[in-house]
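Take a look at the structure below.
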Amino acid sequence: MSEASVELWVNGERVRAPVWGTEFLAEFLRERLGLVGTKVGCGVGVCGLCTVWMDGKLVSSCLVPAVVAAGRHVWTVEGLVALAEGRVADPPPGLPSGRLVRAVQQALVECEGLQCGICTPGQLWAACALLQEEPNPPEDQVREFLAGNLCRCTGYQGILRAVRAAAREGRCVGG
Amino acid sequence: MALGGRADGWAKVQGRAVYAGDVRLPGMLYGAVVRSPHPHARILRVRSEAARGVPGVRAVLTGADVRYGTYGRRVRDMPVLAREVVRFAGERVAAVAAESLPAARRAAALVEVEYEPLPAVLDPQGALEPGAPRVHQAAWRYPGAVVGPEDPPNLQSRRVWQHGEDVEEALRRCAYVFEETYQIPPAHQGYLEPHACVAWAKPDGTVEVWASNKSPHRLRAQLAACLGVPAERIRVMPVYVGGDFGGKGSPMDVPVAVALSEATGRPVKLVVEYEEDLTAANPRHGSVVRVRLGVDGEGRMRALDVRAWVNGGAYAAFKPVEHVNLNGFAEAGNTYRIPAVRIESLIAYTHTVPRGHMRSPGSLEANFAVESTVDVAARALGLDPLEFRLRNLLRTGDRGTLGEPWMEVRGEEVLRALAEVLAQGGGAGGTPRVEEGGWACGVGVALYCRAAHAGETEVGLQPRPDGSVVVWVPFPDQGAGQHTVVRNVVCKQLGLPPGAVEVRQADTDQLAVDSGVGGSRVSLTASAAASRACQELQRRVEQEGLGGLRVQEALAELARRRPGEGVRGRFSGEELWLNSVCAQAARVRVDRGTGQVRVEEVITVLDVAEILHPPSHRAQVEGGVVMGLGSALMEELVVEAGRVVSSNLHEYRLPSVLDVPALRLVLVPGGKGWGPHGVKPVGEMANVAVAAAVANAVADAVGVRVRRLPISAEEVYRLLRAREARP
Amino acid sequence: MWAVEYLAPEHLGEVLEVLAGADPTETVVWAGGTALAPLLRRGLLEPRRLLGLERVGELAGLSVEDDGSLRIGAVVRLRELYGAELVRGRLPVLAWTARRIGNLRVQNMATVGGHLAHADPAQDLPPVLLALDAEVRLQSRRGTRALPLEEFLLGPMQTARAEDELLTEVRVPPRAFRWRTGYVRYAPRSAEDYPTVGVAASVEVDADGVCREARVAVAGAGPKALRVRAAEQVLVGGPLSADRCREAARRVEGEVDPWDDTRGSAAYKRAMARVWTERLLRQLAAAGS
């Protein structure tokens, strides 16, 4: 009874792990590879908890069958942390810079852009992707971009403050 | 001025915070649950051959295989897996453990259960009628039951709160009586992390549990009672909780995971799909609330009668309060001077999903009903709604509606502050409505008062050789900043910088007692316990003759002399006559042609005392307002033929950032806090009065009264057209 | 023991070959996957094989064809659609609409072809494309055929696509670029909700103010996105007066056949189809002046 497996690139490393049935990338990353920073929330692509970067785009990993991810380059929040800590030698183009990741992380902490933290990896991805594409986005663009990342704890105000602060690479300013 | 960022912030922005579903143990299996599709049925047969045929399946259990008793937080009426009969669509009938998650889920889908559907009762009024199908044969027999054999068979709980004159008498004497009935549907707490747990029944007879649960000590006690073992054999391990809002206080699937672990001899992780959480966890009760408000000729409130018929679902197990009723109902009208008050809450068993607590349980229902009626009364009497409230406000020195000897009541302070804010941009009612491009604009206000309650907890404090300290707390930080609050107390009291204080959650073996997170009590109890621990530590420093040294040097030396040792501080609650008051206003626009309601701004004025960590205090308020908007405008668990059909987040809408209007927060300091740090609780304040404020604003804008939540465009449209049709 | 297989051919011919011989319950066509993935997760679909379209060159890209029509490849992602200058320039309403579907991640994954083949009657692109006279191309080993979108959409999750056929492209004729087109998505409950109703309309008004061409299409108000010719007939041949707009809207109300769901009752949807048709048409009328 041999097991099927999937091979792909995760956070710059080639990995291979077993896969069963119609297993999805979110669970594959968490349970097969132990990368539990990516969370599973609604399972239908609405909440954003399972956000990962795949071949240049942010996707809902709960909607990507693991077999569909075969051969692709996937980055998770663990990879973002590696970028932020300067541990990635040759990041693929399109990923946020380590400096941007650090700025957003710092801002989220200082601006109370998180409480329970379950949505935070997804918010981090969304905020970094936005600021990378648009370093100084107007408010309505920020809201539109972050609309797909739900948060039940903060009421979003802290997250918006954090994005503004990170864009300025400045301190957190209220209101 | 914030004392540094959140204590747990860095772990969370790195994705390193571990939640229950993240735990992985060697040899771990994955669990999945088989659930009943019927609201009420007899289980005739369970066939597991096909399920066992899935490669990697290690156990399939039914109710017959589980020897544990029923469980619950107070009333222990819930079986781990249903035996003989299922009482709600979604009830756990069987469970599977397998080597991989997809295999477990596939196997669960292949378990065949034969049912004989039985007549079901789905609403509380119907359930309380004689002859209604019984949900439980003898509900009074369950441990912790609060009903007796003489009560209606489907009564789950009945509470009456009353004070002052006889309310019927008082109503009869009133010049005006306003009677209105409101409907509040079931709603989900909306935590984004679905229920998850890992259980490991070890060969030595102990059980280790990681669970998305905000009261680890209570969970341990509940499990011990269910499993029939001493609590010492169970260890609940610390993890972060991905949102709670009242929905993560129950054992939920942990007993199932324990059973699977015992059956297989291996750790078992059980994470539910969000659909299971939406349809079969412990959502808010649905209520029908009838209000009768009596007012005299001078516009003074003289009598208030509130009656609620509440749907408790099939089991009372998920409710923690001793009478398993909703204490929030007791708050009805509590911001006013009303000499005759009677409130009755009847909770019935029905064949629907068992209900639980959702942030300020009972409060939103009572507030929506009463604050809407107050507005109805004001308008009928030709009075400005704000004025009418001011005329009737309870003030410091008055006794409460139920005779409470409040230390203070700051309704006037917050309402006047709100009035000032509104005066900058439009009144609360009575003035002609402004029409802008087809939209009618309006403003509505609502007032809310919540009593503070203290719980019980113990905190450990341990100095380290580098002069820093570890604070051991028994409760998780499910987002409300509890760990940060404790850190700040210790910093302040010991005179340490934030970097020198680390807060860690201990498991249940390490600290003696904790009533868990909930009821907004953690700040009060935790700060008091932490304060006592600090005093104890300072005493020890003195005892050791180290009082003359700088703090960190003293602590470092203490740690060196007594390695690994620490002190504890315990606090146990007492009755507090402390409250917080919140006044909110909503500015809305209503499209007459479609009924669409757009909330432009929500203003929240909050009565505060000392604030231990301003950023998380503010976040609690902002998060609360948005959650309130969710209940006001979009959240409803739709139940059809007893089944919750809002089964995913496409159907059950949670507010996204695009749904949030301008939020303004005004703090009115100067309140009397409590304890060594003079705090008032905040977690369950800002979400409650939003719905009434919005409904009142809609009435102000277009003159129709929405009596059900969520306030939908269709309902406003229906009311507008009905009014046009009237002669 | 087994895992679903993922086949990602590079050529259309291979895809059609597989489709020709496949059992559709076992082989599922996979583009963005956003509509189908939840069905797989719940076990409502249990395919043995996913036939991936992402690498098929013939299905990619946007271009202007020789006859001036805009060709949209079936696997063009929604984000690609609204990001393309071709679309933003010629058909801004199409771009505007695509940007409001789902969320950013959905827009990164979901494809135009997948969106149309899914045929959920509450979706946003169908009414807009109907109002633009869009056509779809279906290919199989047996040959190619073009169908007006109106004939492609048959009912809830039902299209005219045969089991062995693949939707390969969508085309918008050049005449549609001249029209004044608008789309209103009425989603009162929450911003990212599916619309209660969505109304799209196009008009072509000549120099004398006479309406020469009109298209009116509605989503969320029936078993499929519906083009309401009865409404169009009212508009053509005269000025876009308030009376005509109102009458067209009344005709829409009469033609749509909605059902009750969490976004509104049938009666409400019918009324909203009327209200928003009238408002949109009046807006289009005013835009020209």
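Chains: A, B, ... in order of the structure tokens. Residues: from 1 per chain. Ligands: from 1, in order shown.
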Write out as a tab-separated table (two decimals) with N, CA and C atoms, in the first residue's frame every residue belonging to chain B that has an atom at most 8 Å from any atom of chain A, counting only C-alpha atoms.
chain	number	residue	atom	x	y	z
B	4	GLY	N	4.73	49.54	26.55
B	4	GLY	CA	5.17	48.58	25.54
B	4	GLY	C	4.01	47.96	24.79
B	5	GLY	N	4.29	47.23	23.76
B	5	GLY	CA	3.23	46.56	23.00
B	5	GLY	C	2.70	45.35	23.76
B	6	ARG	N	1.80	44.62	23.15
B	6	ARG	CA	1.23	43.44	23.78
B	6	ARG	C	2.31	42.43	24.13
B	9	GLY	N	2.36	39.78	21.48
B	9	GLY	CA	2.32	40.30	20.11
B	9	GLY	C	3.35	39.68	19.20
B	10	TRP	N	4.60	39.59	19.66
B	10	TRP	CA	5.65	39.12	18.78
B	10	TRP	C	5.45	37.69	18.32
B	12	LYS	N	2.71	36.28	17.87
B	12	LYS	CA	1.60	36.22	16.93
B	12	LYS	C	1.96	36.77	15.56
B	13	VAL	N	2.78	37.82	15.50
B	13	VAL	CA	3.14	38.34	14.18
B	13	VAL	C	4.20	37.47	13.50
B	14	GLN	N	4.65	36.47	14.20
B	14	GLN	CA	5.57	35.54	13.57
B	14	GLN	C	4.90	34.21	13.29
B	15	GLY	N	3.62	34.12	13.56
B	15	GLY	CA	2.94	32.85	13.35
B	15	GLY	C	3.44	31.76	14.29
B	16	ARG	N	4.06	32.17	15.40
B	16	ARG	CA	4.63	31.17	16.32
B	16	ARG	C	3.74	30.90	17.52
B	17	ALA	N	2.66	31.62	17.64
B	17	ALA	CA	1.75	31.36	18.75
B	17	ALA	C	1.06	30.02	18.49
B	22	ASP	N	-2.75	23.44	16.43
B	22	ASP	CA	-1.36	23.43	15.93
B	22	ASP	C	-0.52	22.35	16.60
B	24	ARG	N	1.12	19.06	17.63
B	24	ARG	CA	1.40	17.78	16.95
B	24	ARG	C	2.22	16.91	17.89
B	100	SER	N	-4.63	9.97	9.15
B	100	SER	CA	-4.53	11.30	8.55
B	100	SER	C	-5.88	11.98	8.64
B	102	PRO	N	-7.59	13.71	6.24
B	102	PRO	CA	-8.54	13.38	5.18
B	102	PRO	C	-9.11	11.98	5.32
B	103	ALA	N	-8.32	11.05	5.80
B	103	ALA	CA	-8.84	9.68	5.99
B	103	ALA	C	-9.91	9.68	7.07
B	190	GLY	N	-18.60	33.92	16.22
B	190	GLY	CA	-17.75	34.41	15.14
B	190	GLY	C	-16.26	34.32	15.40
B	191	TYR	N	-15.86	33.53	16.42
B	191	TYR	CA	-14.42	33.31	16.57
B	191	TYR	C	-13.94	32.66	15.29
B	192	LEU	N	-12.79	33.08	14.78
B	192	LEU	CA	-12.35	32.56	13.49
B	192	LEU	C	-11.64	31.21	13.60
B	193	GLU	N	-11.20	30.86	14.79
B	193	GLU	CA	-10.59	29.55	14.99
B	193	GLU	C	-11.70	28.58	15.35
B	194	PRO	N	-11.99	27.59	14.51
B	194	PRO	CA	-13.02	26.62	14.89
B	194	PRO	C	-12.53	25.81	16.09
B	240	TYR	N	-2.82	29.16	23.05
B	240	TYR	CA	-3.57	30.37	22.71
B	240	TYR	C	-4.94	29.96	22.20
B	241	VAL	N	-5.88	30.89	22.33
B	241	VAL	CA	-7.24	30.63	21.85
B	241	VAL	C	-7.55	31.65	20.76
B	242	GLY	N	-8.03	31.15	19.62
B	242	GLY	CA	-8.27	32.04	18.49
B	242	GLY	C	-9.65	32.68	18.52
B	243	GLY	N	-9.88	33.47	19.57
B	243	GLY	CA	-11.20	34.11	19.69
B	243	GLY	C	-12.14	33.23	20.50
B	273	GLU	N	-14.57	21.26	11.21
B	273	GLU	CA	-14.70	22.15	10.07
B	273	GLU	C	-15.59	23.33	10.50
B	274	TYR	N	-15.39	24.47	9.91
B	274	TYR	CA	-16.15	25.64	10.32
B	274	TYR	C	-17.65	25.41	10.19
B	275	GLU	N	-18.03	24.63	9.20
B	275	GLU	CA	-19.45	24.31	9.04
B	275	GLU	C	-20.00	23.63	10.29
B	477	ASP	N	-4.71	33.99	27.00
B	477	ASP	CA	-5.08	35.30	26.47
B	477	ASP	C	-5.84	35.02	25.19
B	478	GLN	N	-7.19	35.06	25.24
B	478	GLN	CA	-7.91	34.74	24.01
B	478	GLN	C	-8.09	35.98	23.15
B	479	GLY	N	-7.26	36.95	23.42
B	479	GLY	CA	-7.26	38.11	22.55
B	479	GLY	C	-7.50	39.41	23.29
B	480	ALA	N	-8.15	39.32	24.45
B	480	ALA	CA	-8.54	40.56	25.12
B	480	ALA	C	-7.41	41.22	25.88
B	481	GLY	N	-6.21	40.69	25.77
B	481	GLY	CA	-5.07	41.38	26.37
B	481	GLY	C	-4.86	41.07	27.83
B	615	PRO	N	-4.06	50.68	24.78
B	615	PRO	CA	-4.32	50.18	23.44
B	615	PRO	C	-5.25	48.97	23.41
B	616	SER	N	-5.10	48.04	24.34
B	616	SER	CA	-6.00	46.89	24.26
B	616	SER	C	-7.38	47.24	24.79
B	619	ALA	N	-8.94	48.67	21.77
B	619	ALA	CA	-9.24	47.62	20.81
B	619	ALA	C	-10.46	46.82	21.24
B	620	GLN	N	-10.62	46.60	22.54
B	620	GLN	CA	-11.81	45.89	23.02
B	620	GLN	C	-13.07	46.68	22.67
B	622	GLU	N	-13.39	49.00	20.19
B	622	GLU	CA	-13.58	49.01	18.73
B	622	GLU	C	-14.09	47.65	18.24
B	623	GLY	N	-13.47	46.59	18.74
B	623	GLY	CA	-13.92	45.25	18.36
B	623	GLY	C	-15.35	45.01	18.81
B	624	GLY	N	-15.68	45.53	19.98
B	624	GLY	CA	-17.04	45.36	20.49
B	624	GLY	C	-18.05	46.07	19.61
B	625	VAL	N	-17.75	47.29	19.20
B	625	VAL	CA	-18.68	48.03	18.36
B	625	VAL	C	-18.92	47.28	17.04
B	626	VAL	N	-17.85	46.78	16.44
B	626	VAL	CA	-18.00	46.09	15.17
B	626	VAL	C	-18.79	44.80	15.35
B	627	MET	N	-18.57	44.13	16.46
B	627	MET	CA	-19.36	42.93	16.73
B	627	MET	C	-20.83	43.31	16.93
B	648	ASN	N	-21.87	28.31	6.28
B	648	ASN	CA	-20.52	28.76	5.94
B	648	ASN	C	-20.51	30.29	5.98
B	649	LEU	N	-19.34	30.86	5.85
B	649	LEU	CA	-19.24	32.32	6.00
B	649	LEU	C	-19.69	33.10	4.77
B	650	HIS	N	-20.11	32.38	3.70
B	650	HIS	CA	-20.78	33.10	2.62
B	650	HIS	C	-22.19	33.45	3.09
B	654	LEU	N	-19.95	37.90	8.58
B	654	LEU	CA	-19.22	38.61	9.62
B	654	LEU	C	-18.74	39.93	9.02
B	655	PRO	N	-18.77	41.01	9.77
B	655	PRO	CA	-18.33	42.28	9.19
B	655	PRO	C	-16.87	42.23	8.72
B	656	SER	N	-16.66	42.71	7.51
B	656	SER	CA	-15.29	42.89	7.03
B	656	SER	C	-14.94	44.37	7.21
B	657	VAL	N	-13.73	44.73	6.89
B	657	VAL	CA	-13.32	46.11	7.09
B	657	VAL	C	-14.18	47.07	6.26
B	658	LEU	N	-14.70	46.57	5.14
B	658	LEU	CA	-15.54	47.43	4.30
B	658	LEU	C	-16.90	47.71	4.93
B	660	VAL	N	-17.29	48.48	8.08
B	660	VAL	CA	-17.14	49.26	9.31
B	660	VAL	C	-17.20	50.75	9.00
Residues near Gly148 (chain B), cut-off 9 Å, only C-alpha atoms, skip fewer than 4 positions along chain, as a count of residues only: 6
Nearby residues (only C-alpha atoms) at most 10 Å from Val34 (chain B), same-chain spacing under 2 positions excluded, as a ChimeraX atom specification: /B:32,36-37,60-62,81,90-96,105,107-113
Please produce an output containing C-alpha atoms for each residue in the selection, written as a PDB file, in the first residue's frame.
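Wrote it out as result-v8.pdb, contents follow:
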ATOM      1  CA  ALA B  32     -13.698  13.307  12.970  1.00  0.00           C
ATOM      2  CA  SER B  36     -27.183  13.532  13.143  1.00  0.00           C
ATOM      3  CA  PRO B  37     -29.032  15.103  10.230  1.00  0.00           C
ATOM      4  CA  VAL B  60     -14.891   3.971  15.214  1.00  0.00           C
ATOM      5  CA  LEU B  61     -16.897   4.736  18.337  1.00  0.00           C
ATOM      6  CA  THR B  62     -20.592   5.126  19.020  1.00  0.00           C
ATOM      7  CA  LEU B  81     -21.891  10.534  21.902  1.00  0.00           C
ATOM      8  CA  GLY B  90     -25.670  18.134  14.402  1.00  0.00           C
ATOM      9  CA  GLU B  91     -25.534  16.033  17.556  1.00  0.00           C
ATOM     10  CA  ARG B  92     -22.482  13.773  17.811  1.00  0.00           C
ATOM     11  CA  VAL B  93     -23.458  10.211  17.040  1.00  0.00           C
ATOM     12  CA  ALA B  94     -20.152   8.543  16.265  1.00  0.00           C
ATOM     13  CA  ALA B  95     -16.501   9.403  16.022  1.00  0.00           C
ATOM     14  CA  VAL B  96     -13.572   8.124  14.023  1.00  0.00           C
ATOM     15  CA  ARG B 105     -13.113  12.776   7.486  1.00  0.00           C
ATOM     16  CA  ALA B 107     -14.301   7.514   7.181  1.00  0.00           C
ATOM     17  CA  ALA B 108     -16.740   9.658   9.155  1.00  0.00           C
ATOM     18  CA  ALA B 109     -18.701  10.233   5.961  1.00  0.00           C
ATOM     19  CA  LEU B 110     -18.911   6.478   5.460  1.00  0.00           C
ATOM     20  CA  VAL B 111     -20.394   5.617   8.850  1.00  0.00           C
ATOM     21  CA  GLU B 112     -23.978   4.560   8.189  1.00  0.00           C
ATOM     22  CA  VAL B 113     -26.578   5.428  10.755  1.00  0.00           C
TER      23      VAL B 113
END
List the neighbours of Leu94 (chain C) out to 12 Å using only C-alpha atoms; skip same-chain residues closer than 6 positions along the sequence, and give me the result as a PyMOL selection string. chain C and resi 70+72+78-88+100-101+112+124-132+134+172+176-177+181-184+200-202
Pull out every residue of chain C that has at least one atom within 9 Å of chain B, counting only C-alpha atoms, and report them as a short mmCIF file (atom, residue, chain, number, x, y, z; two decimals) with N, CA and C atoms, in the first residue's frame.
data_model
loop_
_atom_site.label_atom_id
_atom_site.label_comp_id
_atom_site.auth_asym_id
_atom_site.auth_seq_id
_atom_site.Cartn_x
_atom_site.Cartn_y
_atom_site.Cartn_z
N MET C 1 -3.42 6.00 0.62
CA MET C 1 -3.36 4.98 -0.42
C MET C 1 -3.60 5.61 -1.78
N GLY C 43 -16.94 16.79 0.49
CA GLY C 43 -17.21 15.45 -0.01
C GLY C 43 -18.39 15.37 -0.95
N PRO C 188 -27.16 44.74 0.10
CA PRO C 188 -27.38 45.59 1.27
C PRO C 188 -26.87 45.02 2.58
N ARG C 189 -26.71 43.72 2.67
CA ARG C 189 -26.37 43.12 3.97
C ARG C 189 -24.91 43.36 4.34
N SER C 190 -24.02 43.03 3.43
CA SER C 190 -22.60 43.28 3.70
C SER C 190 -21.88 43.47 2.38
N ALA C 191 -20.78 44.17 2.44
CA ALA C 191 -20.11 44.62 1.22
C ALA C 191 -19.69 43.49 0.31
N GLU C 192 -19.22 42.38 0.88
CA GLU C 192 -18.69 41.31 0.03
C GLU C 192 -19.68 40.20 -0.23
N ASP C 193 -20.93 40.43 0.10
CA ASP C 193 -21.97 39.44 -0.10
C ASP C 193 -22.23 39.24 -1.58
N TYR C 194 -22.81 38.11 -1.94
CA TYR C 194 -23.39 38.00 -3.26
C TYR C 194 -24.51 39.03 -3.33
N THR C 262 -31.29 33.87 1.78
CA THR C 262 -30.86 34.79 2.84
C THR C 262 -30.60 36.19 2.33
N ARG C 263 -30.55 36.35 1.02
CA ARG C 263 -30.32 37.70 0.48
C ARG C 263 -31.61 38.44 0.20
N GLY C 264 -32.71 37.77 0.35
CA GLY C 264 -33.98 38.44 0.15
C GLY C 264 -35.07 37.47 -0.26
N SER C 265 -36.30 37.86 0.01
CA SER C 265 -37.42 37.05 -0.43
C SER C 265 -37.64 37.29 -1.92
N TYR C 268 -39.16 40.68 -2.55
CA TYR C 268 -38.21 41.79 -2.41
C TYR C 268 -37.28 41.88 -3.60
N ALA C 271 -39.01 43.39 -6.51
CA ALA C 271 -39.14 44.84 -6.34
C ALA C 271 -37.79 45.52 -6.56
N MET C 272 -36.73 44.93 -6.06
CA MET C 272 -35.41 45.55 -6.19
C MET C 272 -34.92 45.49 -7.63
N VAL C 275 -36.61 48.51 -9.03
CA VAL C 275 -36.04 49.78 -8.53
C VAL C 275 -34.66 50.04 -9.13
N TRP C 276 -33.81 49.04 -9.14
CA TRP C 276 -32.45 49.28 -9.61
C TRP C 276 -32.36 49.37 -11.12
#
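CA of Pro174 (chain C) lies 18.8 Å from CA of Ala217 (chain C).
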Compile the residues of chain C that lie within 9 Å of chain A, evaluated using only C-alpha atoms, and express the compilation as an mmCIF file with N, CA and C atoms, in the first residue's frame.
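Produced file result-v2.cif, reproduced below:
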data_model
loop_
_atom_site.group_PDB
_atom_site.id
_atom_site.type_symbol
_atom_site.label_atom_id
_atom_site.label_comp_id
_atom_site.auth_asym_id
_atom_site.auth_seq_id
_atom_site.Cartn_x
_atom_site.Cartn_y
_atom_site.Cartn_z
ATOM 1 N N MET C 1 -3.424 5.998 0.616
ATOM 2 C CA MET C 1 -3.357 4.981 -0.420
ATOM 3 C C MET C 1 -3.597 5.606 -1.785
ATOM 4 N N TRP C 2 -4.548 6.431 -1.848
ATOM 5 C CA TRP C 2 -4.758 7.054 -3.158
ATOM 6 C C TRP C 2 -4.903 8.552 -2.950
ATOM 7 N N ALA C 3 -4.512 9.258 -3.948
ATOM 8 C CA ALA C 3 -4.739 10.695 -3.917
ATOM 9 C C ALA C 3 -5.318 11.075 -5.266
ATOM 10 N N VAL C 4 -6.119 12.100 -5.243
ATOM 11 C CA VAL C 4 -6.671 12.568 -6.509
ATOM 12 C C VAL C 4 -5.503 12.944 -7.426
ATOM 13 N N GLU C 5 -5.646 12.657 -8.684
ATOM 14 C CA GLU C 5 -4.581 12.909 -9.639
ATOM 15 C C GLU C 5 -4.755 14.306 -10.214
ATOM 16 N N TYR C 6 -3.658 14.958 -10.458
ATOM 17 C CA TYR C 6 -3.751 16.277 -11.088
ATOM 18 C C TYR C 6 -3.032 16.238 -12.414
ATOM 19 N N LEU C 7 -3.815 16.440 -13.456
ATOM 20 C CA LEU C 7 -3.268 16.454 -14.815
ATOM 21 C C LEU C 7 -3.258 17.889 -15.291
ATOM 22 N N ALA C 8 -2.132 18.363 -15.760
ATOM 23 C CA ALA C 8 -2.095 19.745 -16.252
ATOM 24 C C ALA C 8 -1.445 19.788 -17.631
ATOM 25 N N GLY C 32 -9.516 27.826 -11.619
ATOM 26 C CA GLY C 32 -9.127 28.461 -10.362
ATOM 27 C C GLY C 32 -9.504 27.610 -9.166
ATOM 28 N N GLY C 33 -10.598 26.874 -9.321
ATOM 29 C CA GLY C 33 -11.013 25.965 -8.266
ATOM 30 C C GLY C 33 -11.811 26.606 -7.146
ATOM 31 N N THR C 34 -12.032 27.912 -7.211
ATOM 32 C CA THR C 34 -12.670 28.556 -6.049
ATOM 33 C C THR C 34 -14.113 28.112 -5.855
ATOM 34 N N ALA C 35 -14.804 27.793 -6.939
ATOM 35 C CA ALA C 35 -16.192 27.347 -6.777
ATOM 36 C C ALA C 35 -16.254 25.870 -6.429
ATOM 37 N N LEU C 36 -15.321 25.093 -6.957
ATOM 38 C CA LEU C 36 -15.395 23.652 -6.760
ATOM 39 C C LEU C 36 -14.722 23.172 -5.487
ATOM 40 N N ALA C 37 -13.700 23.882 -5.029
ATOM 41 C CA ALA C 37 -12.956 23.411 -3.861
ATOM 42 C C ALA C 37 -13.852 23.164 -2.640
ATOM 43 N N PRO C 38 -14.761 24.091 -2.319
ATOM 44 C CA PRO C 38 -15.618 23.807 -1.157
ATOM 45 C C PRO C 38 -16.430 22.530 -1.323
ATOM 46 N N LEU C 40 -15.409 19.846 -2.897
ATOM 47 C CA LEU C 40 -14.481 18.753 -2.617
ATOM 48 C C LEU C 40 -14.255 18.611 -1.114
ATOM 49 N N ARG C 41 -14.100 19.734 -0.453
ATOM 50 C CA ARG C 41 -13.841 19.692 0.985
ATOM 51 C C ARG C 41 -14.997 19.033 1.729
ATOM 52 N N GLY C 43 -16.938 16.792 0.485
ATOM 53 C CA GLY C 43 -17.207 15.448 -0.014
ATOM 54 C C GLY C 43 -18.393 15.374 -0.950
ATOM 55 N N GLU C 46 -16.408 13.866 -5.533
ATOM 56 C CA GLU C 46 -15.313 12.953 -5.177
ATOM 57 C C GLU C 46 -14.574 12.517 -6.436
ATOM 58 N N PRO C 47 -13.901 13.466 -7.064
ATOM 59 C CA PRO C 47 -13.239 13.101 -8.320
ATOM 60 C C PRO C 47 -12.000 12.237 -8.085
ATOM 61 N N ARG C 48 -11.610 11.492 -9.088
ATOM 62 C CA ARG C 48 -10.363 10.755 -9.021
ATOM 63 C C ARG C 48 -9.264 11.544 -9.731
ATOM 64 N N LEU C 50 -8.261 15.581 -11.360
ATOM 65 C CA LEU C 50 -8.514 16.984 -11.665
ATOM 66 C C LEU C 50 -7.800 17.322 -12.962
ATOM 67 N N GLY C 52 -6.423 20.011 -14.941
ATOM 68 C CA GLY C 52 -6.025 21.400 -14.773
ATOM 69 C C GLY C 52 -5.853 22.123 -16.094
ATOM 70 N N GLY C 102 -15.977 38.501 -4.861
ATOM 71 C CA GLY C 102 -15.230 37.805 -3.829
ATOM 72 C C GLY C 102 -14.264 38.716 -3.104
ATOM 73 N N ASN C 103 -13.010 38.240 -3.037
ATOM 74 C CA ASN C 103 -11.980 39.049 -2.409
ATOM 75 C C ASN C 103 -10.695 38.913 -3.232
ATOM 76 N N LEU C 104 -9.669 39.532 -2.764
ATOM 77 C CA LEU C 104 -8.416 39.556 -3.512
ATOM 78 C C LEU C 104 -7.919 38.158 -3.879
ATOM 79 N N ARG C 105 -7.982 37.243 -2.919
ATOM 80 C CA ARG C 105 -7.444 35.898 -3.179
ATOM 81 C C ARG C 105 -8.312 35.167 -4.197
ATOM 82 N N VAL C 106 -9.614 35.343 -4.083
ATOM 83 C CA VAL C 106 -10.513 34.741 -5.068
ATOM 84 C C VAL C 106 -10.193 35.305 -6.444
ATOM 85 N N GLN C 107 -9.968 36.616 -6.505
ATOM 86 C CA GLN C 107 -9.677 37.249 -7.789
ATOM 87 C C GLN C 107 -8.354 36.764 -8.379
ATOM 88 N N ASN C 108 -7.443 36.382 -7.498
ATOM 89 C CA ASN C 108 -6.167 35.834 -7.976
ATOM 90 C C ASN C 108 -6.330 34.450 -8.572
ATOM 91 N N MET C 109 -7.295 33.711 -8.100
ATOM 92 C CA MET C 109 -7.435 32.316 -8.494
ATOM 93 C C MET C 109 -8.551 32.087 -9.519
ATOM 94 N N ALA C 191 -20.777 44.167 2.439
ATOM 95 C CA ALA C 191 -20.106 44.624 1.218
ATOM 96 C C ALA C 191 -19.688 43.490 0.308
ATOM 97 N N GLU C 192 -19.216 42.376 0.880
ATOM 98 C CA GLU C 192 -18.689 41.313 0.027
ATOM 99 C C GLU C 192 -19.683 40.199 -0.228
#
In Å, rounded to a single decimal, give me how far CA of Ser157 (chain B) is from CA of Ala281 (chain B). 19.9 Å
